[in-house]
file final_15.txt (compact mmCIF, C-alpha atoms)
# COMPACT_ATOMS: atom_id res chain seq x y z
CA MET A 1 -48.57 30.85 -44.20
CA THR A 2 -50.61 33.55 -45.92
CA ALA A 3 -50.24 34.41 -49.61
CA GLU A 4 -49.01 37.92 -48.68
CA LEU A 5 -46.23 36.50 -46.51
CA PHE A 6 -45.23 34.06 -49.24
CA VAL A 7 -45.00 36.94 -51.73
CA LEU A 8 -42.80 38.85 -49.27
CA LEU A 9 -40.50 35.82 -48.94
CA ILE A 10 -40.21 35.53 -52.73
CA VAL A 11 -39.34 39.22 -52.97
CA ILE A 12 -36.66 38.85 -50.26
CA VAL A 13 -35.19 35.76 -51.97
CA THR A 14 -35.16 37.59 -55.31
CA ALA A 15 -33.43 40.56 -53.69
CA LEU A 16 -30.74 38.29 -52.29
CA VAL A 17 -30.33 36.66 -55.71
CA PHE A 18 -29.79 40.13 -57.17
CA ASP A 19 -27.22 40.77 -54.42
CA PHE A 20 -25.47 37.52 -55.35
CA THR A 21 -25.34 38.46 -59.07
CA ASN A 22 -24.10 41.89 -58.07
CA GLY A 23 -21.24 40.17 -56.25
CA PHE A 24 -19.93 37.97 -59.06
CA HIS A 25 -20.73 40.60 -61.69
CA ASP A 26 -18.58 43.16 -59.86
CA THR A 27 -15.67 41.00 -58.66
CA ALA A 28 -13.76 42.41 -61.61
CA ASN A 29 -14.03 45.91 -60.17
CA ALA A 30 -11.68 45.04 -57.34
CA MET A 31 -9.56 42.20 -58.63
CA ALA A 32 -9.26 42.35 -62.44
CA THR A 33 -6.08 44.42 -62.41
CA SER A 34 -4.42 42.41 -59.63
CA ILE A 35 -5.16 39.16 -61.46
CA ALA A 36 -3.93 40.60 -64.77
CA THR A 37 -0.59 41.72 -63.32
CA GLY A 38 -0.04 38.55 -61.27
CA ALA A 39 -0.17 40.41 -57.95
CA LEU A 40 -2.72 37.84 -56.79
CA GLY A 41 -3.65 34.41 -58.10
CA PRO A 42 -7.18 34.24 -59.56
CA ARG A 43 -8.64 32.00 -56.87
CA SER A 44 -6.95 33.81 -54.01
CA ALA A 45 -8.11 37.15 -55.40
CA VAL A 46 -11.81 36.33 -55.53
CA VAL A 47 -11.83 34.67 -52.10
CA LEU A 48 -10.07 37.72 -50.58
CA SER A 49 -12.52 40.03 -52.34
CA GLY A 50 -15.48 38.06 -51.03
CA ALA A 51 -14.23 38.25 -47.45
CA LEU A 52 -13.67 42.00 -47.66
CA ASN A 53 -17.07 42.58 -49.28
CA LEU A 54 -18.56 40.78 -46.29
CA ILE A 55 -16.76 43.08 -43.85
CA GLY A 56 -17.51 46.21 -45.88
CA ALA A 57 -21.25 45.57 -45.80
CA PHE A 58 -21.26 46.18 -42.03
CA LEU A 59 -19.35 49.47 -42.08
CA SER A 60 -22.17 51.84 -43.06
CA VAL A 61 -25.88 51.95 -43.87
CA GLU A 62 -25.96 55.42 -45.46
CA VAL A 63 -26.49 54.12 -48.99
CA ALA A 64 -29.24 51.75 -47.84
CA ALA A 65 -31.21 54.72 -46.57
CA THR A 66 -31.14 56.45 -49.97
CA VAL A 67 -31.97 53.57 -52.33
CA ALA A 68 -34.88 54.58 -54.60
CA GLU A 69 -35.37 57.72 -52.49
CA GLY A 70 -35.73 60.72 -54.78
CA ILE A 71 -35.89 58.52 -57.90
CA VAL A 72 -39.35 56.91 -57.92
CA ARG A 73 -42.50 57.82 -56.00
CA LEU A 74 -42.98 54.47 -54.32
CA ASP A 75 -44.47 56.21 -51.29
CA GLU A 76 -47.62 56.64 -53.38
CA VAL A 77 -48.12 52.87 -53.49
CA GLY A 78 -48.75 50.51 -50.63
CA GLY A 79 -48.98 46.85 -49.75
CA PRO A 80 -49.14 44.25 -52.49
CA ASP A 81 -48.80 46.78 -55.33
CA LEU A 82 -45.49 48.03 -53.94
CA LEU A 83 -44.22 44.47 -53.53
CA GLU A 84 -45.06 43.78 -57.18
CA ILE A 85 -43.13 46.86 -58.32
CA VAL A 86 -40.09 46.00 -56.20
CA PHE A 87 -40.16 42.37 -57.35
CA ALA A 88 -40.44 43.31 -61.05
CA GLY A 89 -37.59 45.80 -60.69
CA LEU A 90 -35.35 43.17 -59.12
CA VAL A 91 -36.05 40.70 -61.93
CA GLY A 92 -35.12 43.37 -64.48
CA GLY A 93 -31.85 44.02 -62.66
CA ILE A 94 -30.96 40.32 -62.34
CA LEU A 95 -31.60 39.50 -65.99
CA TRP A 96 -29.53 42.46 -67.19
CA ASN A 97 -26.68 41.47 -64.88
CA LEU A 98 -26.72 37.92 -66.22
CA LEU A 99 -26.92 39.01 -69.85
CA THR A 100 -23.99 41.42 -69.59
CA TRP A 101 -22.00 38.80 -67.65
CA LEU A 102 -22.66 36.30 -70.46
CA PHE A 103 -21.16 38.72 -73.00
CA GLY A 104 -18.31 39.67 -70.65
CA LEU A 105 -19.37 43.31 -70.50
CA PRO A 106 -18.82 45.29 -67.30
CA SER A 107 -22.04 47.21 -66.70
CA SER A 108 -23.49 48.85 -63.62
CA SER A 109 -25.48 46.59 -61.30
CA SER A 110 -26.74 49.74 -59.59
CA HIS A 111 -28.14 51.13 -62.82
CA ALA A 112 -29.63 47.75 -63.69
CA LEU A 113 -31.49 47.79 -60.36
CA PHE A 114 -32.63 51.38 -60.73
CA GLY A 115 -33.61 50.77 -64.34
CA GLY A 116 -35.75 47.80 -63.36
CA LEU A 117 -37.45 49.82 -60.60
CA ILE A 118 -38.03 52.79 -62.90
CA GLY A 119 -39.55 50.60 -65.61
CA ALA A 120 -41.83 48.80 -63.18
CA THR A 121 -42.87 52.12 -61.64
CA ILE A 122 -43.73 53.63 -65.03
CA ALA A 123 -45.79 50.55 -65.89
CA ALA A 124 -47.65 50.78 -62.56
CA LEU A 125 -47.98 54.54 -62.01
CA GLY A 126 -47.21 56.16 -65.34
CA TRP A 127 -44.43 58.62 -66.15
CA SER A 128 -45.40 60.79 -63.19
CA GLY A 129 -44.32 57.96 -60.86
CA VAL A 130 -40.68 58.76 -61.61
CA ILE A 131 -38.89 61.85 -60.32
CA TRP A 132 -36.98 62.88 -63.42
CA SER A 133 -35.42 66.07 -62.09
CA ALA A 134 -36.10 68.04 -58.90
CA GLY A 135 -33.13 69.88 -57.43
CA LYS A 136 -30.91 67.35 -55.67
CA GLN A 137 -33.41 64.57 -56.37
CA GLY A 138 -34.40 62.73 -59.50
CA VAL A 139 -33.01 60.41 -62.16
CA LEU A 140 -30.96 63.16 -63.78
CA THR A 141 -29.20 64.27 -60.59
CA LYS A 142 -28.81 60.95 -58.77
CA ILE A 143 -28.14 58.60 -61.72
CA VAL A 144 -27.32 60.29 -65.02
CA VAL A 145 -24.94 62.99 -63.78
CA PRO A 146 -22.91 60.61 -61.53
CA ALA A 147 -22.83 58.06 -64.37
CA VAL A 148 -21.19 60.63 -66.63
CA LEU A 149 -18.90 62.23 -64.05
CA ALA A 150 -17.63 59.15 -62.18
CA PRO A 151 -15.71 57.49 -65.05
CA VAL A 152 -14.42 60.84 -66.34
CA VAL A 153 -13.12 61.93 -62.92
CA ALA A 154 -11.65 58.47 -62.28
CA ALA A 155 -9.93 58.49 -65.68
CA LEU A 156 -8.42 61.93 -65.09
CA VAL A 157 -7.14 61.12 -61.59
CA ALA A 158 -5.76 57.71 -62.60
CA SER A 159 -4.14 59.19 -65.72
CA VAL A 160 -2.28 61.82 -63.71
CA GLY A 161 -1.32 59.28 -61.03
CA THR A 162 0.03 56.82 -63.59
CA TRP A 163 2.01 59.49 -65.41
CA LEU A 164 3.58 60.64 -62.13
CA VAL A 165 4.49 57.08 -61.15
CA TYR A 166 6.30 56.42 -64.42
CA ARG A 167 7.92 59.83 -64.27
CA LEU A 168 9.25 59.27 -60.74
CA THR A 169 10.47 55.72 -61.40
CA ARG A 170 12.10 56.54 -64.74
CA GLY A 171 15.56 54.97 -64.87
CA SER A 172 14.83 52.49 -62.07
CA ASP A 173 15.03 48.73 -62.45
CA GLN A 174 11.57 47.96 -63.82
CA ARG A 175 11.51 44.47 -62.30
CA VAL A 176 12.10 45.89 -58.84
CA VAL A 177 9.49 48.60 -59.42
CA ASP A 178 6.91 46.08 -60.61
CA ARG A 179 7.56 43.80 -57.65
CA GLY A 180 6.95 46.64 -55.22
CA PHE A 181 3.79 47.76 -56.96
CA ARG A 182 2.41 44.21 -56.97
CA TRP A 183 2.62 44.22 -53.19
CA GLY A 184 0.93 47.59 -53.17
CA GLN A 185 -1.82 46.22 -55.40
CA ILE A 186 -2.81 43.68 -52.78
CA GLY A 187 -3.59 46.52 -50.40
CA SER A 188 -5.32 48.74 -52.96
CA ALA A 189 -7.41 45.88 -54.39
CA SER A 190 -8.45 44.96 -50.86
CA LEU A 191 -9.54 48.54 -50.29
CA VAL A 192 -11.68 48.49 -53.44
CA SER A 193 -13.33 45.25 -52.27
CA LEU A 194 -14.04 46.81 -48.89
CA ALA A 195 -15.47 49.90 -50.57
CA HIS A 196 -17.62 47.76 -52.88
CA GLY A 197 -19.18 45.93 -49.94
CA THR A 198 -19.81 49.25 -48.21
CA ASN A 199 -21.55 50.66 -51.29
CA ASP A 200 -23.26 47.86 -53.19
CA ALA A 201 -24.54 45.47 -50.52
CA GLN A 202 -26.54 48.33 -49.03
CA LYS A 203 -28.60 48.76 -52.17
CA THR A 204 -30.16 45.37 -51.59
CA MET A 205 -30.58 46.17 -47.90
CA GLY A 206 -32.60 49.21 -48.92
CA ILE A 207 -34.77 47.15 -51.27
CA ILE A 208 -35.56 44.53 -48.62
CA PHE A 209 -36.29 47.30 -46.12
CA LEU A 210 -38.72 48.79 -48.65
CA ALA A 211 -40.42 45.40 -49.05
CA LEU A 212 -40.79 45.02 -45.29
CA ILE A 213 -42.41 48.46 -45.12
CA ALA A 214 -44.80 47.47 -47.90
CA TYR A 215 -45.73 44.31 -46.03
CA GLY A 216 -46.36 46.34 -42.89
CA SER A 217 -43.85 44.70 -40.57
CA LEU A 218 -41.67 47.84 -40.40
CA GLY A 219 -42.22 51.58 -40.51
CA PRO A 220 -40.16 54.11 -42.52
CA SER A 221 -38.47 55.42 -39.36
CA ASP A 222 -37.53 51.99 -37.98
CA PRO A 223 -33.86 50.95 -37.93
CA LEU A 224 -32.56 48.48 -40.48
CA PRO A 225 -32.91 44.97 -38.97
CA LEU A 226 -29.64 43.15 -38.29
CA TRP A 227 -30.78 40.04 -40.16
CA VAL A 228 -31.19 42.12 -43.33
CA ILE A 229 -27.62 43.43 -43.03
CA VAL A 230 -26.23 39.93 -42.39
CA ALA A 231 -28.19 38.29 -45.22
CA CYS A 232 -27.15 40.92 -47.78
CA ALA A 233 -23.52 40.84 -46.63
CA VAL A 234 -23.37 37.05 -46.98
CA ALA A 235 -25.10 37.08 -50.39
CA ILE A 236 -22.77 39.63 -51.98
CA ALA A 237 -19.70 37.97 -50.43
CA ALA A 238 -20.76 34.56 -51.76
CA GLY A 239 -21.31 35.97 -55.24
CA THR A 240 -17.96 37.77 -55.20
CA SER A 241 -16.14 34.60 -54.09
CA LEU A 242 -17.61 32.75 -57.08
CA GLY A 243 -15.66 35.02 -59.42
CA GLY A 244 -17.20 36.69 -62.47
CA TRP A 245 -14.40 35.45 -64.72
CA ARG A 246 -15.88 36.67 -68.00
CA ILE A 247 -15.94 40.29 -66.84
CA ILE A 248 -12.62 39.98 -65.00
CA ARG A 249 -11.07 38.98 -68.32
CA THR A 250 -12.52 41.98 -70.19
CA LEU A 251 -11.42 44.53 -67.59
CA GLY A 252 -8.06 42.93 -66.88
CA LYS A 253 -6.99 42.04 -70.41
CA GLY A 254 -9.36 43.64 -72.92
CA LEU A 255 -9.29 47.40 -72.30
CA VAL A 256 -5.60 48.03 -71.51
CA ASP A 257 -2.53 45.84 -71.06
CA ILE A 258 -2.06 46.58 -67.36
CA THR A 259 1.26 46.78 -65.53
CA PRO A 260 1.58 46.78 -61.71
CA PRO A 261 1.99 50.60 -61.43
CA GLN A 262 -1.15 51.04 -63.51
CA GLY A 263 -3.01 48.51 -61.39
CA LEU A 264 -2.13 50.33 -58.18
CA ALA A 265 -3.14 53.69 -59.65
CA ALA A 266 -6.49 52.34 -60.91
CA GLU A 267 -7.38 50.60 -57.67
CA SER A 268 -6.36 53.51 -55.41
CA THR A 269 -8.35 55.98 -57.50
CA SER A 270 -11.42 53.75 -57.54
CA ALA A 271 -11.35 53.09 -53.80
CA ALA A 272 -11.08 56.81 -52.98
CA ILE A 273 -14.04 57.75 -55.17
CA ILE A 274 -16.26 54.83 -54.08
CA LEU A 275 -15.61 55.36 -50.36
CA THR A 276 -16.33 59.07 -50.72
CA SER A 277 -19.65 58.36 -52.42
CA ALA A 278 -20.59 55.83 -49.73
CA HIS A 279 -19.82 58.41 -47.02
CA PHE A 280 -22.29 60.83 -48.59
CA GLY A 281 -24.90 58.14 -49.24
CA LEU A 282 -24.60 58.27 -53.03
CA PRO A 283 -25.35 54.96 -54.83
CA LEU A 284 -22.44 55.30 -57.27
CA SER A 285 -21.67 52.77 -60.00
CA THR A 286 -18.48 51.02 -58.94
CA THR A 287 -18.20 49.43 -62.39
CA GLN A 288 -18.07 52.71 -64.26
CA THR A 289 -15.67 54.19 -61.72
CA VAL A 290 -13.22 51.30 -62.02
CA THR A 291 -13.50 51.20 -65.82
CA GLY A 292 -12.75 54.91 -65.98
CA ALA A 293 -9.74 54.45 -63.71
CA ILE A 294 -8.36 51.59 -65.83
CA LEU A 295 -8.83 53.69 -68.97
CA GLY A 296 -6.98 56.55 -67.27
CA THR A 297 -3.97 54.35 -66.54
CA GLY A 298 -3.77 53.51 -70.23
CA LEU A 299 -3.84 57.19 -71.12
CA GLY A 300 -1.25 58.06 -68.49
CA ARG A 301 1.29 55.37 -69.27
CA PRO A 302 3.69 56.30 -72.10
CA GLY A 303 3.26 53.96 -75.05
CA ALA A 304 0.25 52.09 -73.65
CA GLU A 305 -2.44 50.83 -76.00
CA VAL A 306 -6.09 51.54 -75.26
CA ARG A 307 -8.51 49.28 -77.15
CA TRP A 308 -11.13 51.85 -78.05
CA THR A 309 -13.46 49.32 -79.67
CA VAL A 310 -13.72 47.45 -76.36
CA LEU A 311 -14.40 50.73 -74.55
CA GLY A 312 -17.03 51.57 -77.17
CA ARG A 313 -18.93 48.36 -76.48
CA MET A 314 -18.79 49.11 -72.76
CA VAL A 315 -20.18 52.62 -73.23
CA VAL A 316 -23.01 51.33 -75.42
CA THR A 317 -23.85 48.83 -72.69
CA TRP A 318 -23.88 51.61 -70.07
CA VAL A 319 -26.24 53.71 -72.20
CA LEU A 320 -28.60 50.77 -72.72
CA THR A 321 -28.64 49.59 -69.10
CA LEU A 322 -31.36 51.90 -67.74
CA PRO A 323 -33.81 51.62 -70.66
CA LEU A 324 -33.45 47.86 -71.26
CA ALA A 325 -33.50 46.87 -67.59
CA GLY A 326 -36.48 49.22 -67.31
CA LEU A 327 -38.22 47.50 -70.20
CA VAL A 328 -37.77 44.11 -68.55
CA GLY A 329 -39.02 45.52 -65.25
CA ALA A 330 -42.11 46.94 -66.95
CA ILE A 331 -42.86 43.65 -68.72
CA CYS A 332 -42.45 41.69 -65.51
CA TRP A 333 -44.77 44.04 -63.63
CA ALA A 334 -47.39 43.84 -66.38
CA LEU A 335 -47.21 40.04 -66.38
CA ALA A 336 -47.35 39.70 -62.58
CA HIS A 337 -50.08 42.31 -62.20
CA GLY A 338 -52.06 41.02 -65.16
CA ILE A 339 -52.23 37.48 -63.79
CA GLY A 340 -52.75 38.92 -60.34
CA GLY A 341 -51.34 38.45 -56.85
CA PHE A 342 -49.48 35.35 -55.78
CA PRO A 343 -49.92 33.37 -59.07
CA GLY A 344 -48.52 36.29 -61.07
CA ILE A 345 -45.44 36.55 -58.85
CA LEU A 346 -44.86 32.80 -59.19
CA VAL A 347 -45.06 32.94 -62.99
CA VAL A 348 -42.51 35.75 -63.22
CA PHE A 349 -40.23 34.01 -60.72
CA ALA A 350 -40.41 30.80 -62.79
CA LEU A 351 -39.58 32.82 -65.91
CA LEU A 352 -36.56 34.27 -64.12
CA VAL A 353 -35.31 30.78 -63.22
CA VAL A 354 -35.72 29.54 -66.81
CA LEU A 355 -33.93 32.51 -68.40
CA ALA A 356 -31.13 32.42 -65.82
CA GLY A 357 -30.64 28.71 -66.47
CA PHE A 358 -30.54 29.29 -70.22
CA MET A 359 -27.84 31.98 -69.91
CA TYR A 360 -25.77 29.80 -67.61
CA LEU A 361 -25.91 26.88 -70.07
CA ARG A 362 -25.04 29.22 -72.94
CA SER A 363 -21.97 30.42 -71.02
CA ARG A 364 -20.61 26.87 -70.83
CA ARG A 365 -20.00 26.85 -74.59
CA THR A 366 -17.15 29.33 -74.15
CA PRO A 367 -16.09 28.88 -70.51
CA VAL A 368 -13.89 31.47 -68.83
CA ASN A 369 -12.38 30.42 -65.52
CA ALA A 370 -9.36 30.81 -63.26
CA GLN A 371 -7.24 28.78 -65.66
CA ASN A 372 -7.76 30.86 -68.81
CA VAL A 373 -8.81 34.28 -67.50
CA ASN A 374 -5.30 35.65 -68.14
CA ASP A 375 -4.88 34.29 -71.67
CA GLU A 376 -3.63 36.96 -74.06
CA TRP A 377 -6.33 39.17 -75.56
CA THR A 378 -6.39 38.94 -79.35
CA ASP A 379 -8.21 40.80 -82.11
CA GLU A 380 -10.55 37.82 -82.39
CA SER A 381 -11.69 38.52 -78.82
CA ALA A 382 -13.89 41.28 -80.15
CA ALA A 383 -15.28 39.16 -82.98
CA GLU A 384 -16.28 36.00 -81.14
CA PRO A 385 -19.70 34.74 -82.35
CA GLU A 386 -22.61 36.13 -80.34
CA GLY A 387 -20.29 38.43 -78.41
CA ALA A 388 -18.83 35.76 -76.14
CA PRO A 389 -15.37 36.48 -74.74
CA HIS A 390 -12.54 34.86 -76.66
CA VAL A 391 -10.58 32.24 -74.76
CA ALA A 392 -7.72 30.07 -75.85
CA PRO A 393 -8.39 26.43 -76.68
CA ARG A 394 -8.28 24.00 -73.81
CA GLY A 395 -4.71 23.17 -72.92
CA ALA A 396 -3.32 26.46 -74.17
CA GLU A 397 -0.83 27.99 -71.84
CA SER A 398 -2.10 30.98 -69.91
CA VAL A 399 0.19 33.96 -69.92
CA ARG A 400 0.98 34.91 -66.35
CA ARG A 401 3.37 37.54 -65.16
CA ALA A 402 5.68 36.35 -62.40
call {"tool": "encode", "arguments": {"input": "final_15.txt", "output": "structure tokens"}}
result
Amino acid sequence: MTAELFVLLIVIVTALVFDFTNGFHDTANAMATSIATGALGPRSAVVLSGALNLIGAFLSVEVAATVAEGIVRLDEVGGPDLLEIVFAGLVGGILWNLLTWLFGLPSSSSHALFGGLIGATIAALGWSGVIWSAGKQGVLTKIVVPAVLAPVVAALVASVGTWLVYRLTRGSDQRVVDRGFRWGQIGSASLVSLAHGTNDAQKTMGIIFLALIAYGSLGPSDPLPLWVIVACAVAIAAGTSLGGWRIIRTLGKGLVDITPPQGLAAESTSAAIILTSAHFGLPLSTTQTVTGAILGTGLGRPGAEVRWTVLGRMVVTWVLTLPLAGLVGAICWALAHGIGGFPGILVVFALLVVLAGFMYLRSRRTPVNAQNVNDEWTDESAAEPEGAPHVAPRGAESVRRA
């Protein structure tokens, strides 16, 4: 096996690891509201979401064809240099995903990936290597504008939908209403999971396709290999089935106290927007869309409480995602390129394993799992040392809605 082939294999493995982290990081997008309202049990919810992410990954390849296109000028680089940039960008995305998961903060895996690629590209090619703004292309048009619009539009639509639901069901037996909406949530949450697989798994497909072009085994006009589609579908489904409990807790319990009508409104809104973006090949942030929809249900429900401090921490995280993931991507490229070739890639990969292991061990100090994910959110949740999500002591009774 040649050193070039080994580097390609490491890049592919790293891409699939990113896909896996994308899965468990974004499980909350589809299932947080259904778990919070009791429409689905925690374990059943994440397994169902994983299965539907797997199916969704096979429904379209439009997003895969647009990943990194019109954002960075990777066509100006070839061979080993391109593999180094892609690899460094993936490491930046993975580490940001793990860090935000550790703190229970829902951030965009898409923006983490793009941030890592942008940072690595700047380190390799300079500022001119990034397309900042050029008509329908560029960071501003393809990342910044959708990042601002998606949560706002989702919040507006979900707010109106929630208000209408409560208006139309006013005077009805609330227990009967909630029971009906819980059944509806199963369908809407499933649709969000399907949409997530259609949108997010393809980003990794596009990255692996780019790596294969850099290696020379494929050309830009070649079709996406079936094994790439299958591998990415399985990786994101496996990650989703693991359950990103820390982020599920923040979205399901921390931002708004969600009722079944709110859950259905949030999930239906999110699914519609995500599926529309996938149809047009836009790599939209599912996390920001779902968060905006959940916020909208809090605004649309009479008497609901929105925890603005929790939302504030989320927004700060969103703003920092691109620059900090980019910084990590740039550092990783400089380290890999500075050492040179295969040894440099190995060093950065080893660093990734060490940091990932450290964050996993740190998370075990304040575990969040299927048993305590629905514990009541308290004021102390926002003041837990080092930003870890607050969970009740072991043995405390979880609050579950029947």
call {"tool": "residues_around", "arguments": {"input": "final_15.txt", "residues": "Val86 (chain A)", "least_positions_apart": "2", "cutoff": "8 Å", "atoms": "all atoms listed in the file", "output": "PyMOL selection string"}}
result
chain A and resi 11+82-84+88-90+117+120+207+211
call {"tool": "closest_residue", "arguments": {"input": "final_15.txt", "among": "A:Met31, A:Ile248, A:Ala330, A:Ala158", "to": "Asn372 (chain A)", "atoms": "all atoms listed in the file"}}
result
A:Ile248
call {"tool": "closest_atom_pairs", "arguments": {"input": "final_15.txt", "of": "region 104-210 of chain A", "to": "region 313-319 of chain A", "cutoff": "10 Å", "atoms": "all atoms listed in the file", "output": "CSV"}}
result
residue,atom,partner,partner_atom,distance
A:Gly104,CA,A:Met314,CA,9.7
A:Leu105,CA,A:Met314,CA,6.3
A:Pro106,CA,A:Met314,CA,6.7
A:Ser107,CA,A:Trp318,CA,5.8
A:Ser108,CA,A:Trp318,CA,7.0
A:His111,CA,A:Trp318,CA,8.4
A:Ala112,CA,A:Trp318,CA,9.4
A:Val144,CA,A:Val319,CA,9.8
A:Ala147,CA,A:Trp318,CA,8.7
call {"tool": "atom_distance", "arguments": {"input": "final_15.txt", "atom1": "CA of Ser133 (chain A)", "atom2": "CA of Leu74 (chain A)"}}
result
15.9 Å
call {"tool": "residues_around", "arguments": {"input": "final_15.txt", "residues": "Thr33 (chain A)", "least_positions_apart": "5", "cutoff": "8 Å", "atoms": "only C-alpha atoms", "output": "ChimeraX atom specification"}}
result
/A:28,251-252,258,263,267
call {"tool": "closest_residue", "arguments": {"input": "final_15.txt", "among": "A:Leu8, A:Thr297, A:Val148, A:Leu242", "to": "Asn369 (chain A)", "atoms": "all atoms listed in the file"}}
result
A:Leu242
call {"tool": "closest_residue", "arguments": {"input": "final_15.txt", "among": "A:Gly197, A:Pro302, A:Gly216, A:Gly171", "to": "Ala271 (chain A)", "atoms": "only C-alpha atoms"}}
result
A:Gly197
call {"tool": "atom_distance", "arguments": {"input": "final_15.txt", "atom1": "CA of Ser268 (chain A)", "atom2": "CA of Leu194 (chain A)"}}
result
12.1 Å
call {"tool": "closest_atom_pairs", "arguments": {"input": "final_15.txt", "of": "region 281-374 of chain A", "to": "region 259-262 of chain A", "cutoff": "9 Å", "atoms": "all atoms listed in the file", "output": "JSON lines"}}
result
{"residue": "A:Ile294", "atom": "CA", "partner": "A:Gln262", "partner_atom": "CA", "distance": 7.6}
{"residue": "A:Gly296", "atom": "CA", "partner": "A:Gln262", "partner_atom": "CA", "distance": 8.9}
{"residue": "A:Thr297", "atom": "CA", "partner": "A:Gln262", "partner_atom": "CA", "distance": 5.3}
{"residue": "A:Gly298", "atom": "CA", "partner": "A:Gln262", "partner_atom": "CA", "distance": 7.6}
{"residue": "A:Gly300", "atom": "CA", "partner": "A:Gln262", "partner_atom": "CA", "distance": 8.6}
{"residue": "A:Arg301", "atom": "CA", "partner": "A:Gln262", "partner_atom": "CA", "distance": 7.6}
call {"tool": "closest_residue", "arguments": {"input": "final_15.txt", "among": "A:Ala266, A:Ala214, A:Ala154, A:Val17", "to": "Ile94 (chain A)", "atoms": "all atoms listed in the file"}}
result
A:Val17
call {"tool": "closest_residue", "arguments": {"input": "final_15.txt", "among": "A:Leu113, A:Val230, A:Ala293, A:Ala304", "to": "Ala150 (chain A)", "atoms": "all atoms listed in the file"}}
result
A:Ala293
call {"tool": "atom_distance", "arguments": {"input": "final_15.txt", "atom1": "CA of Ala235 (chain A)", "atom2": "CA of Asp19 (chain A)"}}
result
5.9 Å
call {"tool": "residues_near_point", "arguments": {"input": "final_15.txt", "point": "(-16.6, 50.9, -52.4)", "cutoff": "6 Å", "atoms": "all atoms listed in the file", "output": "PyMOL selection string"}}
result
chain A and resi 192+194-196+198-199+271+274-275
call {"tool": "residues_near_point", "arguments": {"input": "final_15.txt", "point": "(-24.1, 28.7, -72.2)", "cutoff": "12 Å", "atoms": "all atoms listed in the file", "output": "PyMOL selection string"}}
result
chain A and resi 98-99+101-103+355-368+386+388-389
call {"tool": "write_last_selection", "arguments": {"input": "final_15.txt", "atoms": "C-alpha atoms", "output": "PDB file, in the coordinates of the input"}}
result
ATOM      1  CA  LEU A  98     -26.720  37.920 -66.220  1.00  0.00           C
ATOM      2  CA  LEU A  99     -26.920  39.010 -69.850  1.00  0.00           C
ATOM      3  CA  TRP A 101     -22.000  38.800 -67.650  1.00  0.00           C
ATOM      4  CA  LEU A 102     -22.660  36.300 -70.460  1.00  0.00           C
ATOM      5  CA  PHE A 103     -21.160  38.720 -73.000  1.00  0.00           C
ATOM      6  CA  LEU A 355     -33.930  32.510 -68.400  1.00  0.00           C
ATOM      7  CA  ALA A 356     -31.130  32.420 -65.820  1.00  0.00           C
ATOM      8  CA  GLY A 357     -30.640  28.710 -66.470  1.00  0.00           C
ATOM      9  CA  PHE A 358     -30.540  29.290 -70.220  1.00  0.00           C
ATOM     10  CA  MET A 359     -27.840  31.980 -69.910  1.00  0.00           C
ATOM     11  CA  TYR A 360     -25.770  29.800 -67.610  1.00  0.00           C
ATOM     12  CA  LEU A 361     -25.910  26.880 -70.070  1.00  0.00           C
ATOM     13  CA  ARG A 362     -25.040  29.220 -72.940  1.00  0.00           C
ATOM     14  CA  SER A 363     -21.970  30.420 -71.020  1.00  0.00           C
ATOM     15  CA  ARG A 364     -20.610  26.870 -70.830  1.00  0.00           C
ATOM     16  CA  ARG A 365     -20.000  26.850 -74.590  1.00  0.00           C
ATOM     17  CA  THR A 366     -17.150  29.330 -74.150  1.00  0.00           C
ATOM     18  CA  PRO A 367     -16.090  28.880 -70.510  1.00  0.00           C
ATOM     19  CA  VAL A 368     -13.890  31.470 -68.830  1.00  0.00           C
ATOM     20  CA  GLU A 386     -22.610  36.130 -80.340  1.00  0.00           C
ATOM     21  CA  ALA A 388     -18.830  35.760 -76.140  1.00  0.00           C
ATOM     22  CA  PRO A 389     -15.370  36.480 -74.740  1.00  0.00           C
TER      23      PRO A 389
END
call {"tool": "closest_residue", "arguments": {"input": "final_15.txt", "among": "A:Val145, A:Ala201, A:Ala155, A:Ala124", "to": "Leu54 (chain A)", "atoms": "only C-alpha atoms"}}
result
A:Ala201
call {"tool": "decode", "arguments": {"input": "final_15.txt", "residues": "region 175-195 of chain A", "atoms": "C-alpha atoms", "output": "short mmCIF file (atom, residue, chain, number, x, y, z; two decimals), in the first residue's frame"}}
result
data_model
loop_
_atom_site.label_atom_id
_atom_site.label_comp_id
_atom_site.auth_asym_id
_atom_site.auth_seq_id
_atom_site.Cartn_x
_atom_site.Cartn_y
_atom_site.Cartn_z
CA ARG A 175 -55.80 15.91 27.52
CA VAL A 176 -57.54 14.72 24.37
CA VAL A 177 -55.83 17.41 22.30
CA ASP A 178 -52.41 16.51 23.67
CA ARG A 179 -52.96 12.82 23.04
CA GLY A 180 -53.81 13.48 19.40
CA PHE A 181 -50.85 15.77 18.88
CA ARG A 182 -48.48 13.22 20.42
CA TRP A 183 -49.50 10.77 17.71
CA GLY A 184 -48.98 13.49 15.15
CA GLN A 185 -45.53 14.16 16.57
CA ILE A 186 -44.41 10.65 15.73
CA GLY A 187 -45.08 11.36 12.07
CA SER A 188 -43.60 14.87 12.05
CA ALA A 189 -40.47 13.82 13.98
CA SER A 190 -40.00 10.96 11.52
CA LEU A 191 -40.23 13.43 8.66
CA VAL A 192 -37.54 15.63 10.22
CA SER A 193 -35.27 12.58 10.60
CA LEU A 194 -35.84 11.67 6.97
CA ALA A 195 -35.09 15.25 5.92
#
